[in-house]
$ cat model-v1.pdb   # PDB, C-alpha atoms
ATOM      1  CA  MET A   3       3.756 122.197 -77.380
ATOM      2  CA  ALA A   4       2.835 122.724 -73.743
ATOM      3  CA  ALA A   5       6.479 123.121 -72.815
ATOM      4  CA  ALA A   6       7.072 125.699 -75.567
ATOM      5  CA  ILE A   7       4.108 127.809 -74.542
ATOM      6  CA  THR A   8       5.169 127.557 -70.896
ATOM      7  CA  LEU A   9       8.663 128.856 -71.697
ATOM      8  CA  LEU A  10       7.316 131.702 -73.779
ATOM      9  CA  ASN A  11       5.036 132.724 -70.914
ATOM     10  CA  HIS A  12       7.821 132.735 -68.351
ATOM     11  CA  PRO A  13       8.744 136.240 -67.070
ATOM     12  CA  ALA A  14      12.346 135.776 -68.185
ATOM     13  CA  PHE A  15      11.233 135.696 -71.852
ATOM     14  CA  GLY A  16       8.657 138.472 -71.657
ATOM     15  CA  GLN A  17       9.026 142.199 -71.665
ATOM     16  CA  ALA A  18       6.836 144.391 -69.537
ATOM     17  CA  PRO A  19       5.176 147.176 -71.474
ATOM     18  CA  THR A  20       6.714 150.601 -70.873
ATOM     19  CA  ALA A  21       4.754 153.746 -70.279
ATOM     20  CA  ARG A  22       4.908 156.600 -72.685
ATOM     21  CA  GLY A  23       4.885 159.993 -71.183
ATOM     22  CA  GLY A  24       6.668 163.109 -70.313
ATOM     23  CA  SER A  25       6.727 165.038 -73.588
ATOM     24  CA  SER A  26       4.073 167.346 -74.968
ATOM     25  CA  GLY A  27       1.411 165.507 -77.039
ATOM     26  CA  ASP A  28       2.158 162.038 -75.570
ATOM     27  CA  VAL A  29      -0.303 159.987 -73.547
ATOM     28  CA  PRO A  30      -0.072 160.757 -69.821
ATOM     29  CA  ALA A  31       1.998 158.322 -67.826
ATOM     30  CA  GLY A  32      -0.933 157.261 -65.567
ATOM     31  CA  GLU A  33      -3.200 156.407 -68.473
ATOM     32  CA  ALA A  34      -0.392 154.580 -70.233
ATOM     33  CA  ALA A  35       0.224 152.534 -67.106
ATOM     34  CA  ARG A  36      -3.444 151.558 -66.867
ATOM     35  CA  THR A  37      -3.521 150.605 -70.562
ATOM     36  CA  ALA A  38      -0.404 148.533 -70.162
ATOM     37  CA  ALA A  39      -1.822 146.747 -67.094
ATOM     38  CA  SER A  40      -5.051 145.946 -68.952
ATOM     39  CA  GLU A  41      -3.122 144.566 -71.896
ATOM     40  CA  THR A  42      -1.046 142.468 -69.530
ATOM     41  CA  VAL A  43      -4.120 140.913 -67.864
ATOM     42  CA  ILE A  44      -5.683 140.097 -71.252
ATOM     43  CA  ALA A  45      -2.423 138.586 -72.462
ATOM     44  CA  ARG A  46      -2.125 136.475 -69.312
ATOM     45  CA  ARG A  47      -5.686 135.143 -69.699
ATOM     46  CA  VAL A  48      -5.159 134.255 -73.354
ATOM     47  CA  SER A  49      -1.822 132.677 -72.503
ATOM     48  CA  ALA A  50      -3.349 130.629 -69.649
ATOM     49  CA  SER A  51      -6.158 129.402 -71.892
ATOM     50  CA  LEU A  52      -3.734 128.333 -74.637
ATOM     51  CA  THR A  53      -1.459 126.670 -72.107
ATOM     52  CA  ARG A  54      -4.239 124.607 -70.530
ATOM     53  CA  THR A  55      -5.534 123.586 -73.972
ATOM     54  CA  ALA A  56      -2.058 122.476 -74.986
ATOM     55  CA  THR A  57      -1.714 120.606 -71.693
ATOM     56  CA  ARG A  58      -4.873 118.594 -72.343
ATOM     57  CA  ILE A  59      -3.803 117.797 -75.910
ATOM     58  CA  THR A  60      -0.371 116.666 -74.711
ATOM     59  CA  ALA A  61      -1.834 114.536 -71.913
ATOM     60  CA  ALA A  62      -4.267 112.920 -74.337
ATOM     61  CA  THR A  63      -1.469 112.221 -76.823
ATOM     62  CA  VAL A  64       0.943 110.797 -74.269
ATOM     63  CA  GLY A  65      -1.642 108.463 -72.839
ATOM     64  CA  PHE A  66       0.570 106.697 -70.331
ATOM     65  CA  PHE A  67       1.163 109.932 -68.387
ATOM     66  CA  PRO A  68      -1.461 111.313 -66.006
ATOM     67  CA  SER A  69      -2.820 114.677 -67.089
ATOM     68  CA  SER A  70      -1.665 116.162 -63.779
ATOM     69  CA  ALA A  71       1.937 115.597 -64.901
ATOM     70  CA  PHE A  72       1.530 118.385 -67.439
ATOM     71  CA  ALA A  73      -0.623 120.695 -65.324
ATOM     72  CA  LEU A  74       0.606 124.165 -64.493
ATOM     73  CA  PRO A  75      -0.221 126.053 -61.332
ATOM     74  CA  ALA A  76      -3.053 128.507 -61.842
ATOM     75  CA  GLU A  77      -2.082 132.133 -61.845
ATOM     76  CA  PRO A  78      -3.927 134.390 -59.427
ATOM     77  CA  GLY A  79      -6.894 136.108 -60.994
ATOM     78  CA  VAL A  80      -6.918 133.900 -64.119
ATOM     79  CA  GLU A  81      -9.947 131.636 -64.506
ATOM     80  CA  ASP A  82      -9.945 128.338 -66.378
ATOM     81  CA  ASP A  83     -12.679 128.757 -68.963
ATOM     82  CA  THR A  84     -11.812 125.548 -70.825
ATOM     83  CA  ALA A  85     -13.261 123.050 -68.351
ATOM     84  CA  ILE A  86     -14.412 119.826 -70.007
ATOM     85  CA  THR A  87     -17.970 118.703 -69.342
ATOM     86  CA  PRO A  88     -17.972 115.181 -67.818
ATOM     87  CA  PRO A  89     -19.267 112.431 -70.123
ATOM     88  CA  GLN A  90     -22.841 111.212 -69.830
ATOM     89  CA  PHE A  91     -23.281 108.546 -67.170
ATOM     90  CA  VAL A  92     -23.223 105.028 -68.564
ATOM     91  CA  SER A  93     -24.696 102.267 -66.415
ATOM     92  CA  ARG A  94     -22.072  99.609 -65.774
ATOM     93  CA  GLY A  95     -23.201  96.137 -66.627
ATOM     94  CA  THR A  96     -25.816  97.198 -69.144
ATOM     95  CA  GLY A  97     -23.635  98.784 -71.760
ATOM     96  CA  GLN A  98     -26.314 101.390 -72.389
ATOM     97  CA  VAL A  99     -26.839 104.978 -71.341
ATOM     98  CA  ASN A 100     -28.719 105.070 -68.077
ATOM     99  CA  ASP A 101     -32.338 105.921 -68.952
ATOM    100  CA  ASN A 102     -34.762 106.694 -66.154
ATOM    101  CA  SER A 103     -37.569 107.961 -68.378
ATOM    102  CA  PRO A 104     -41.075 106.694 -67.494
ATOM    103  CA  ALA A 105     -41.280 104.560 -70.663
ATOM    104  CA  SER A 106     -37.928 102.899 -69.907
ATOM    105  CA  VAL A 107     -38.936 102.319 -66.283
ATOM    106  CA  ALA A 108     -42.242 100.791 -67.402
ATOM    107  CA  MET A 109     -40.321  98.263 -69.507
ATOM    108  CA  LYS A 110     -37.895  97.438 -66.699
ATOM    109  CA  LEU A 111     -40.779  96.787 -64.307
ATOM    110  CA  ARG A 112     -41.974  93.994 -66.608
ATOM    111  CA  ASN A 113     -38.659  92.184 -66.218
ATOM    112  CA  PRO A 114     -38.702  90.259 -62.903
ATOM    113  CA  VAL A 115     -34.884  90.247 -62.731
ATOM    114  CA  SER A 116     -34.115  93.785 -63.934
ATOM    115  CA  SER A 117     -31.632  95.793 -61.861
ATOM    116  CA  LEU A 118     -34.277  98.347 -60.908
ATOM    117  CA  SER A 119     -34.942  98.863 -57.206
ATOM    118  CA  ARG A 120     -38.633  99.284 -56.419
ATOM    119  CA  ILE A 121     -41.352  98.455 -53.953
ATOM    120  CA  SER A 122     -44.892  97.561 -55.010
ATOM    121  CA  PHE A 123     -47.975  98.170 -52.913
ATOM    122  CA  GLU A 124     -50.365  95.659 -54.431
ATOM    123  CA  ASN A 125     -53.930  95.821 -53.117
ATOM    124  CA  ASN A 126     -56.160  92.813 -53.861
ATOM    125  CA  LEU A 127     -59.854  92.430 -53.072
ATOM    126  CA  ASP A 128     -61.506  89.014 -53.641
ATOM    127  CA  PHE A 129     -65.166  88.147 -53.208
ATOM    128  CA  GLY A 130     -67.478  85.116 -53.053
ATOM    129  CA  MET A 131     -65.479  83.193 -50.470
ATOM    130  CA  ALA A 132     -66.559  80.539 -47.921
ATOM    131  CA  ALA A 133     -69.305  77.985 -48.382
ATOM    132  CA  ASN A 134     -72.055  80.614 -48.499
ATOM    133  CA  ARG A 135     -70.077  82.775 -50.964
ATOM    134  CA  GLU A 136     -70.486  85.814 -48.729
ATOM    135  CA  GLY A 137     -66.936  86.118 -47.465
ATOM    136  CA  TYR A 138     -64.274  88.461 -48.787
ATOM    137  CA  ARG A 139     -60.538  88.942 -48.398
ATOM    138  CA  TYR A 140     -58.428  92.075 -48.705
ATOM    139  CA  THR A 141     -54.692  91.514 -49.144
ATOM    140  CA  MET A 142     -52.025  94.174 -49.384
ATOM    141  CA  LEU A 143     -48.810  92.685 -50.713
ATOM    142  CA  LEU A 144     -45.673  94.674 -49.989
ATOM    143  CA  LYS A 145     -43.240  93.549 -52.685
ATOM    144  CA  PRO A 146     -39.786  95.112 -52.455
ATOM    145  CA  VAL A 147     -37.301  94.154 -55.181
ATOM    146  CA  VAL A 148     -33.646  94.882 -54.398
ATOM    147  CA  PRO A 149     -30.749  94.064 -56.773
ATOM    148  CA  PHE A 150     -27.214  93.367 -55.536
ATOM    149  CA  ARG A 151     -24.165  93.318 -57.799
ATOM    150  CA  LEU A 152     -22.072  90.137 -57.785
ATOM    151  CA  GLY A 153     -18.955  91.175 -59.668
ATOM    152  CA  GLU A 154     -19.121  92.547 -63.201
ATOM    153  CA  ASP A 155     -21.363  89.951 -64.828
ATOM    154  CA  TRP A 156     -23.979  88.831 -62.294
ATOM    155  CA  ASN A 157     -26.706  90.248 -60.085
ATOM    156  CA  LEU A 158     -28.499  88.828 -57.070
ATOM    157  CA  ILE A 159     -32.150  89.882 -57.175
ATOM    158  CA  SER A 160     -34.075  89.766 -53.898
ATOM    159  CA  ARG A 161     -37.865  89.600 -54.310
ATOM    160  CA  THR A 162     -39.973  89.647 -51.135
ATOM    161  CA  GLU A 163     -43.732  89.315 -50.669
ATOM    162  CA  VAL A 164     -45.132  90.444 -47.324
ATOM    163  CA  PRO A 165     -48.930  89.921 -47.097
ATOM    164  CA  LEU A 166     -51.121  92.022 -44.808
ATOM    165  CA  ILE A 167     -54.551  90.381 -44.732
ATOM    166  CA  GLN A 168     -58.049  91.162 -43.552
ATOM    167  CA  GLN A 169     -60.787  88.615 -44.194
ATOM    168  CA  ASP A 170     -64.398  88.445 -43.118
ATOM    169  CA  GLY A 171     -67.014  85.706 -43.274
ATOM    170  CA  ILE A 172     -64.574  82.944 -44.191
ATOM    171  CA  ASP A 173     -64.465  81.292 -40.772
ATOM    172  CA  ALA A 174     -68.115  81.623 -39.720
ATOM    173  CA  SER A 175     -68.852  85.316 -39.156
ATOM    174  CA  THR A 176     -65.483  86.188 -37.632
ATOM    175  CA  VAL A 177     -62.888  88.642 -38.887
ATOM    176  CA  GLN A 178     -59.165  87.931 -39.051
ATOM    177  CA  THR A 179     -56.610  90.678 -39.539
ATOM    178  CA  GLY A 180     -52.855  90.365 -39.495
ATOM    179  CA  LEU A 181     -49.660  89.317 -41.196
ATOM    180  CA  GLY A 182     -49.542  86.283 -43.479
ATOM    181  CA  ASP A 183     -46.597  84.047 -44.412
ATOM    182  CA  ILE A 184     -43.681  85.845 -46.066
ATOM    183  CA  LEU A 185     -42.392  84.552 -49.391
ATOM    184  CA  GLN A 186     -38.728  85.310 -50.108
ATOM    185  CA  THR A 187     -37.135  84.574 -53.487
ATOM    186  CA  PHE A 188     -33.525  85.035 -54.600
ATOM    187  CA  PHE A 189     -32.552  85.007 -58.274
ATOM    188  CA  ILE A 190     -29.044  84.994 -59.727
ATOM    189  CA  SER A 191     -29.188  86.647 -63.125
ATOM    190  CA  PRO A 192     -26.747  88.031 -65.727
ATOM    191  CA  SER A 193     -26.216  91.762 -65.316
ATOM    192  CA  LYS A 194     -25.485  92.464 -68.981
ATOM    193  CA  GLY A 195     -28.312  94.083 -70.909
ATOM    194  CA  ARG A 196     -29.937  91.586 -73.241
ATOM    195  CA  GLN A 197     -33.299  91.158 -74.895
ATOM    196  CA  PHE A 198     -33.421  87.655 -73.432
ATOM    197  CA  PHE A 199     -33.433  87.543 -69.630
ATOM    198  CA  TRP A 200     -33.361  84.742 -67.128
ATOM    199  CA  GLY A 201     -32.795  84.082 -63.453
ATOM    200  CA  ALA A 202     -32.458  80.992 -61.280
ATOM    201  CA  GLY A 203     -32.519  80.672 -57.516
ATOM    202  CA  THR A 204     -34.510  79.584 -54.535
ATOM    203  CA  THR A 205     -37.714  80.473 -52.691
ATOM    204  CA  LEU A 206     -38.343  80.404 -48.949
ATOM    205  CA  LEU A 207     -41.772  80.149 -47.312
ATOM    206  CA  ILE A 208     -41.413  81.770 -43.886
ATOM    207  CA  PRO A 209     -44.217  81.065 -41.345
ATOM    208  CA  THR A 210     -44.798  84.591 -40.048
ATOM    209  CA  ALA A 211     -48.617  84.534 -39.946
ATOM    210  CA  THR A 212     -50.100  86.128 -36.824
ATOM    211  CA  ASP A 213     -53.209  83.928 -37.067
ATOM    212  CA  THR A 214     -53.392  80.232 -37.934
ATOM    213  CA  ARG A 215     -56.098  81.035 -40.492
ATOM    214  CA  LEU A 216     -53.794  83.431 -42.347
ATOM    215  CA  GLY A 217     -50.863  81.105 -43.033
ATOM    216  CA  ALA A 218     -49.685  77.535 -43.554
ATOM    217  CA  GLY A 219     -47.693  77.230 -40.326
ATOM    218  CA  LYS A 220     -44.811  75.556 -42.180
ATOM    219  CA  PHE A 221     -41.315  76.544 -43.273
ATOM    220  CA  GLY A 222     -40.739  75.644 -46.900
ATOM    221  CA  ILE A 223     -38.030  75.841 -49.530
ATOM    222  CA  GLY A 224     -37.669  75.099 -53.223
ATOM    223  CA  PRO A 225     -36.227  76.164 -56.584
ATOM    224  CA  ALA A 226     -37.324  79.182 -58.618
ATOM    225  CA  LEU A 227     -36.801  80.054 -62.275
ATOM    226  CA  VAL A 228     -37.750  82.919 -64.591
ATOM    227  CA  VAL A 229     -37.147  83.216 -68.337
ATOM    228  CA  GLY A 230     -38.404  85.799 -70.796
ATOM    229  CA  ARG A 231     -37.718  88.185 -73.608
ATOM    230  CA  GLN A 232     -38.169  91.896 -74.279
ATOM    231  CA  GLN A 233     -38.500  92.737 -77.940
ATOM    232  CA  SER A 234     -39.539  96.160 -79.152
ATOM    233  CA  ALA A 235     -42.514  97.113 -76.943
ATOM    234  CA  TRP A 236     -43.333  93.522 -75.940
ATOM    235  CA  THR A 237     -42.360  91.590 -72.824
ATOM    236  CA  TYR A 238     -43.247  87.935 -72.373
ATOM    237  CA  GLY A 239     -42.026  85.039 -70.292
ATOM    238  CA  VAL A 240     -42.800  82.743 -67.400
ATOM    239  CA  LEU A 241     -41.927  82.587 -63.698
ATOM    240  CA  ALA A 242     -42.152  79.281 -61.830
ATOM    241  CA  ARG A 243     -41.299  77.915 -58.408
ATOM    242  CA  GLN A 244     -41.797  74.804 -56.310
ATOM    243  CA  ILE A 245     -42.077  74.753 -52.516
ATOM    244  CA  TRP A 246     -41.836  71.787 -50.147
ATOM    245  CA  SER A 247     -42.345  72.194 -46.406
ATOM    246  CA  VAL A 248     -39.432  70.945 -44.296
ATOM    247  CA  THR A 249     -40.499  71.852 -40.778
ATOM    248  CA  GLY A 250     -43.310  73.486 -38.824
ATOM    249  CA  HIS A 251     -46.352  72.614 -36.728
ATOM    250  CA  SER A 252     -46.977  68.873 -36.850
ATOM    251  CA  ASP A 253     -50.747  69.360 -36.731
ATOM    252  CA  ARG A 254     -50.723  71.432 -39.940
ATOM    253  CA  ALA A 255     -50.895  70.007 -43.445
ATOM    254  CA  ASP A 256     -47.675  69.693 -45.404
ATOM    255  CA  VAL A 257     -46.959  72.166 -48.180
ATOM    256  CA  ARG A 258     -46.182  70.860 -51.658
ATOM    257  CA  SER A 259     -47.092  73.588 -54.101
ATOM    258  CA  THR A 260     -46.146  74.478 -57.691
ATOM    259  CA  TYR A 261     -46.494  78.086 -58.833
ATOM    260  CA  PHE A 262     -46.668  78.948 -62.530
ATOM    261  CA  GLN A 263     -46.986  82.498 -63.922
ATOM    262  CA  PRO A 264     -46.854  83.076 -67.679
ATOM    263  CA  PHE A 265     -47.044  86.780 -68.567
ATOM    264  CA  VAL A 266     -47.236  89.076 -71.578
ATOM    265  CA  ALA A 267     -47.191  92.888 -71.680
ATOM    266  CA  TYR A 268     -47.170  95.675 -74.235
ATOM    267  CA  THR A 269     -45.681  99.085 -73.318
ATOM    268  CA  THR A 270     -46.357 102.228 -75.332
ATOM    269  CA  ARG A 271     -44.000 105.166 -75.866
ATOM    270  CA  SER A 272     -46.172 107.210 -73.515
ATOM    271  CA  ALA A 273     -45.441 104.665 -70.713
ATOM    272  CA  TRP A 274     -48.833 102.920 -70.705
ATOM    273  CA  THR A 275     -48.614  99.155 -70.207
ATOM    274  CA  PHE A 276     -51.299  96.592 -71.035
ATOM    275  CA  ALA A 277     -50.604  93.196 -69.512
ATOM    276  CA  ALA A 278     -52.124  89.780 -68.905
ATOM    277  CA  ASP A 279     -50.934  86.920 -66.716
ATOM    278  CA  THR A 280     -52.162  84.041 -64.625
ATOM    279  CA  GLU A 281     -50.730  83.377 -61.151
ATOM    280  CA  SER A 282     -51.671  79.717 -61.069
ATOM    281  CA  SER A 283     -50.679  77.315 -58.320
ATOM    282  CA  PHE A 284     -51.335  73.622 -57.778
ATOM    283  CA  ASP A 285     -51.587  72.112 -54.289
ATOM    284  CA  TRP A 286     -50.219  68.568 -54.566
ATOM    285  CA  VAL A 287     -51.537  67.640 -51.113
ATOM    286  CA  GLY A 288     -55.143  68.712 -51.655
ATOM    287  CA  ARG A 289     -55.013  68.182 -55.427
ATOM    288  CA  GLN A 290     -56.502  71.640 -56.020
ATOM    289  CA  TRP A 291     -55.844  74.395 -58.552
ATOM    290  CA  SER A 292     -55.905  78.133 -57.864
ATOM    291  CA  ALA A 293     -55.916  80.016 -61.162
ATOM    292  CA  PRO A 294     -56.694  83.732 -61.318
ATOM    293  CA  ILE A 295     -56.308  85.621 -64.598
ATOM    294  CA  HIS A 296     -55.236  89.273 -64.362
ATOM    295  CA  LEU A 297     -55.966  91.880 -67.020
ATOM    296  CA  GLU A 298     -53.890  94.892 -66.060
ATOM    297  CA  VAL A 299     -53.427  98.496 -67.185
ATOM    298  CA  THR A 300     -50.690 100.670 -65.657
ATOM    299  CA  LYS A 301     -49.061 104.022 -66.310
ATOM    300  CA  ALA A 302     -45.524 105.070 -65.412
ATOM    301  CA  LEU A 303     -45.174 108.742 -64.523
ATOM    302  CA  ARG A 304     -42.751 110.966 -62.674
ATOM    303  CA  ILE A 305     -43.676 112.260 -59.238
ATOM    304  CA  GLY A 306     -40.923 114.433 -57.830
ATOM    305  CA  ARG A 307     -37.508 112.907 -58.473
ATOM    306  CA  PHE A 308     -38.524 109.298 -59.083
ATOM    307  CA  PRO A 309     -40.781 107.499 -61.568
ATOM    308  CA  VAL A 310     -43.871 105.837 -60.085
ATOM    309  CA  ASN A 311     -46.001 103.150 -61.725
ATOM    310  CA  VAL A 312     -49.738 103.173 -60.954
ATOM    311  CA  GLY A 313     -52.598 101.140 -62.293
ATOM    312  CA  GLY A 314     -55.199  98.495 -61.713
ATOM    313  CA  ALA A 315     -56.327  95.067 -62.819
ATOM    314  CA  LEU A 316     -59.395  92.894 -63.067
ATOM    315  CA  THR A 317     -58.888  89.512 -61.413
ATOM    316  CA  CYS A 318     -61.126  86.680 -62.623
ATOM    317  CA  TRP A 319     -60.889  83.239 -61.038
ATOM    318  CA  VAL A 320     -60.882  80.313 -63.442
ATOM    319  CA  ALA A 321     -60.328  77.785 -60.662
ATOM    320  CA  SER A 322     -60.138  77.976 -56.873
ATOM    321  CA  PRO A 323     -60.193  75.487 -53.979
ATOM    322  CA  PRO A 324     -63.382  74.912 -51.934
ATOM    323  CA  GLY A 325     -64.269  78.130 -50.128
ATOM    324  CA  GLY A 326     -61.892  80.110 -52.338
ATOM    325  CA  PRO A 327     -62.653  83.269 -54.322
ATOM    326  CA  GLN A 328     -65.278  83.194 -57.057
ATOM    327  CA  ALA A 329     -66.149  85.371 -60.034
ATOM    328  CA  CYS A 330     -63.954  88.496 -60.337
ATOM    329  CA  GLY A 331     -62.064  90.755 -57.953
ATOM    330  CA  VAL A 332     -60.006  93.906 -58.350
ATOM    331  CA  ARG A 333     -56.392  94.926 -57.885
ATOM    332  CA  PHE A 334     -54.826  98.360 -57.448
ATOM    333  CA  ILE A 335     -51.048  98.854 -57.696
ATOM    334  CA  VAL A 336     -48.640 101.646 -56.777
ATOM    335  CA  THR A 337     -44.946 101.041 -57.429
ATOM    336  CA  PRO A 338     -42.371 103.712 -56.529
ATOM    337  CA  THR A 339     -39.029 103.045 -58.225
ATOM    338  CA  PHE A 340     -35.504 104.010 -57.262
ATOM    339  CA  PRO A 341     -33.347 104.003 -60.424
ATOM    340  CA  ALA A 342     -29.557 104.008 -60.112
ATOM    341  CA  ARG A 343     -28.046 107.480 -60.459
TER     342      ARG A 343
END

$ encode --input "model-v1.pdb" --output "structure tokens"
Amino acid sequence: MAAAITLLNHPAFGQAPTARGGSSGDVPAGEAARTAASETVIARRVSASLTRTATRITAATVGFFPSSAFALPAEPGVEDDTAITPPQFVSRGTGQVNDNSPASVAMKLRNPVSSLSRISFENNLDFGMAANREGYRYTMLLKPVVPFRLGEDWNLISRTEVPLIQQDGIDASTVQTGLGDILQTFFISPSKGRQFFWGAGTTLLIPTATDTRLGAGKFGIGPALVVGRQQSAWTYGVLARQIWSVTGHSDRADVRSTYFQPFVAYTTRSAWTFAADTESSFDWVGRQWSAPIHLEVTKALRIGRFPVNVGGALTCWVASPPGGPQACGVRFIVTPTFPAR
């Protein structure tokens, strides 16, 4: 079809319109020439449009040929008004249309191994510390989450926790401010979109504290695991890890700690999320539990180009080691996200 139209459009098979003129009562030669030229331009545009349409149909039919094999050079002054709009972007590995709406982002944030890049600024304020219960601690946790693709079927999820701490009244009446120990976790997780999610990997305890009273002074390592499910508006699961110290200051206590975080969340269509979890840990050396319960409310909204999750939580301590936090504290969270485009 494309070849037939091409041949018919070739100058050898066409006849140029002739001007009428000369005799009394006929159209003047100049006007006839202009009319003929206008008709020629219209005919060329219609012909070009039909030719390009036929080219695309032929290329689609003969699928083993590239479409460029049937393409014709564009004629000067003739525009291609049959351009095809590119298909909607589909996220590879998920099998679903990429959705960066606030409600979708709010759901992805509840999955610890989702392929959504983000960084959380988590502000925690705890009270009732030290023997006299008059101390307090403010901790800002910088928590970047960065996914890396490992082939078509797997992702490597990097989760980092960088604590910036200020505490007062815990060691006598002194104030300590600085960097705490960094916690780095790597999860390997399937990249395909599923209601059930899981990830397995390892956690590193890195002794980066700028003050001995802000960190353990030990380098530790251990396994990490997360499993969960997202069904309708609900997300629930558990994240766990174990850390053993392998090196560090000999005058500091060893680290043997188990972390256990069950979580449940409900996300509305308007991107509100109501969540509850407990970030419990057990110190096998001191035989002590730390068990705060968080009741959290957040809202995902769009600020500029990217969705941002904001909210707060009430933190109530069920158990804490001697001198640890008592009663209830507060948490404020801001999480900018960077969805794939």

$ resolve_selection --input "model-v1.pdb" --expression "the PyMOL selection byres ((chain A and resi 323) around 12)" --output "VMD selection string"
chain A and resid 131 to 133 282 to 285 288 to 294 319 to 322 324 to 328

$ residues_around --input "model-v1.pdb" --residues "Tyr138 in chain A" --least-positions-apart "2" --cutoff "6 Å" --atoms "all atoms listed in the file" --output "list in words"
Asp128, Phe129, Met131, Gln169 and Asp170 of chain A

$ closest_residue --input "model-v1.pdb" --among "A:Val177, A:Ala255, A:Leu207, A:Leu241" --to "Pro114 in chain A" --atoms "only C-alpha atoms"
A:Leu241

$ atom_distance --input "model-v1.pdb" --atom1 "CA of Ile305 in chain A" --atom2 "CA of Ala235 in chain A"
23.3 Å

$ atom_distance --input "model-v1.pdb" --atom1 "CA of Ile159 in chain A" --atom2 "CA of Trp286 in chain A"
28.1 Å

$ resolve_selection --input "model-v1.pdb" --expression "the PyMOL selection byres ((chain A and resi 127) around 6)" --output "list in words"
Asn126, Asp128, Arg139, Tyr140, Gly331 and Val332 of chain A

$ closest_residue --input "model-v1.pdb" --among "A:Tyr268, A:Trp236, A:Phe262, A:Trp246" --to "Leu206 in chain A" --atoms "all atoms listed in the file"
A:Trp246

$ resolve_selection --input "model-v1.pdb" --expression "the PyMOL selection byres ((chain A and resi 203) around 7)" --output "PDB file with C-alpha atoms, in the frame of the given file"
ATOM      1  CA  PHE A 188     -33.525  85.035 -54.600  1.00  0.00           C
ATOM      2  CA  PHE A 189     -32.552  85.007 -58.274  1.00  0.00           C
ATOM      3  CA  ILE A 190     -29.044  84.994 -59.727  1.00  0.00           C
ATOM      4  CA  GLY A 201     -32.795  84.082 -63.453  1.00  0.00           C
ATOM      5  CA  ALA A 202     -32.458  80.992 -61.280  1.00  0.00           C
ATOM      6  CA  THR A 204     -34.510  79.584 -54.535  1.00  0.00           C
ATOM      7  CA  PRO A 225     -36.227  76.164 -56.584  1.00  0.00           C
ATOM      8  CA  ALA A 226     -37.324  79.182 -58.618  1.00  0.00           C
ATOM      9  CA  LEU A 227     -36.801  80.054 -62.275  1.00  0.00           C
TER      10      LEU A 227
END

$ closest_residue --input "model-v1.pdb" --among "A:Thr141, A:Ser252, A:Ser122, A:Thr270" --to "Thr179 in chain A" --atoms "all atoms listed in the file"
A:Thr141

$ residues_around --input "model-v1.pdb" --residues "Ile184 in chain A" --least-positions-apart "6" --cutoff "9 Å" --atoms "all atoms listed in the file" --output "PyMOL selection string"
chain A and resi 162-165+206-211

$ residues_around --input "model-v1.pdb" --residues "Pro192 in chain A" --least-positions-apart "2" --cutoff "8 Å" --atoms "all atoms listed in the file" --output "list in words"
Asp155, Trp156, Asn157, Ile190, Lys194, Phe199, Trp200 and Gly201 of chain A
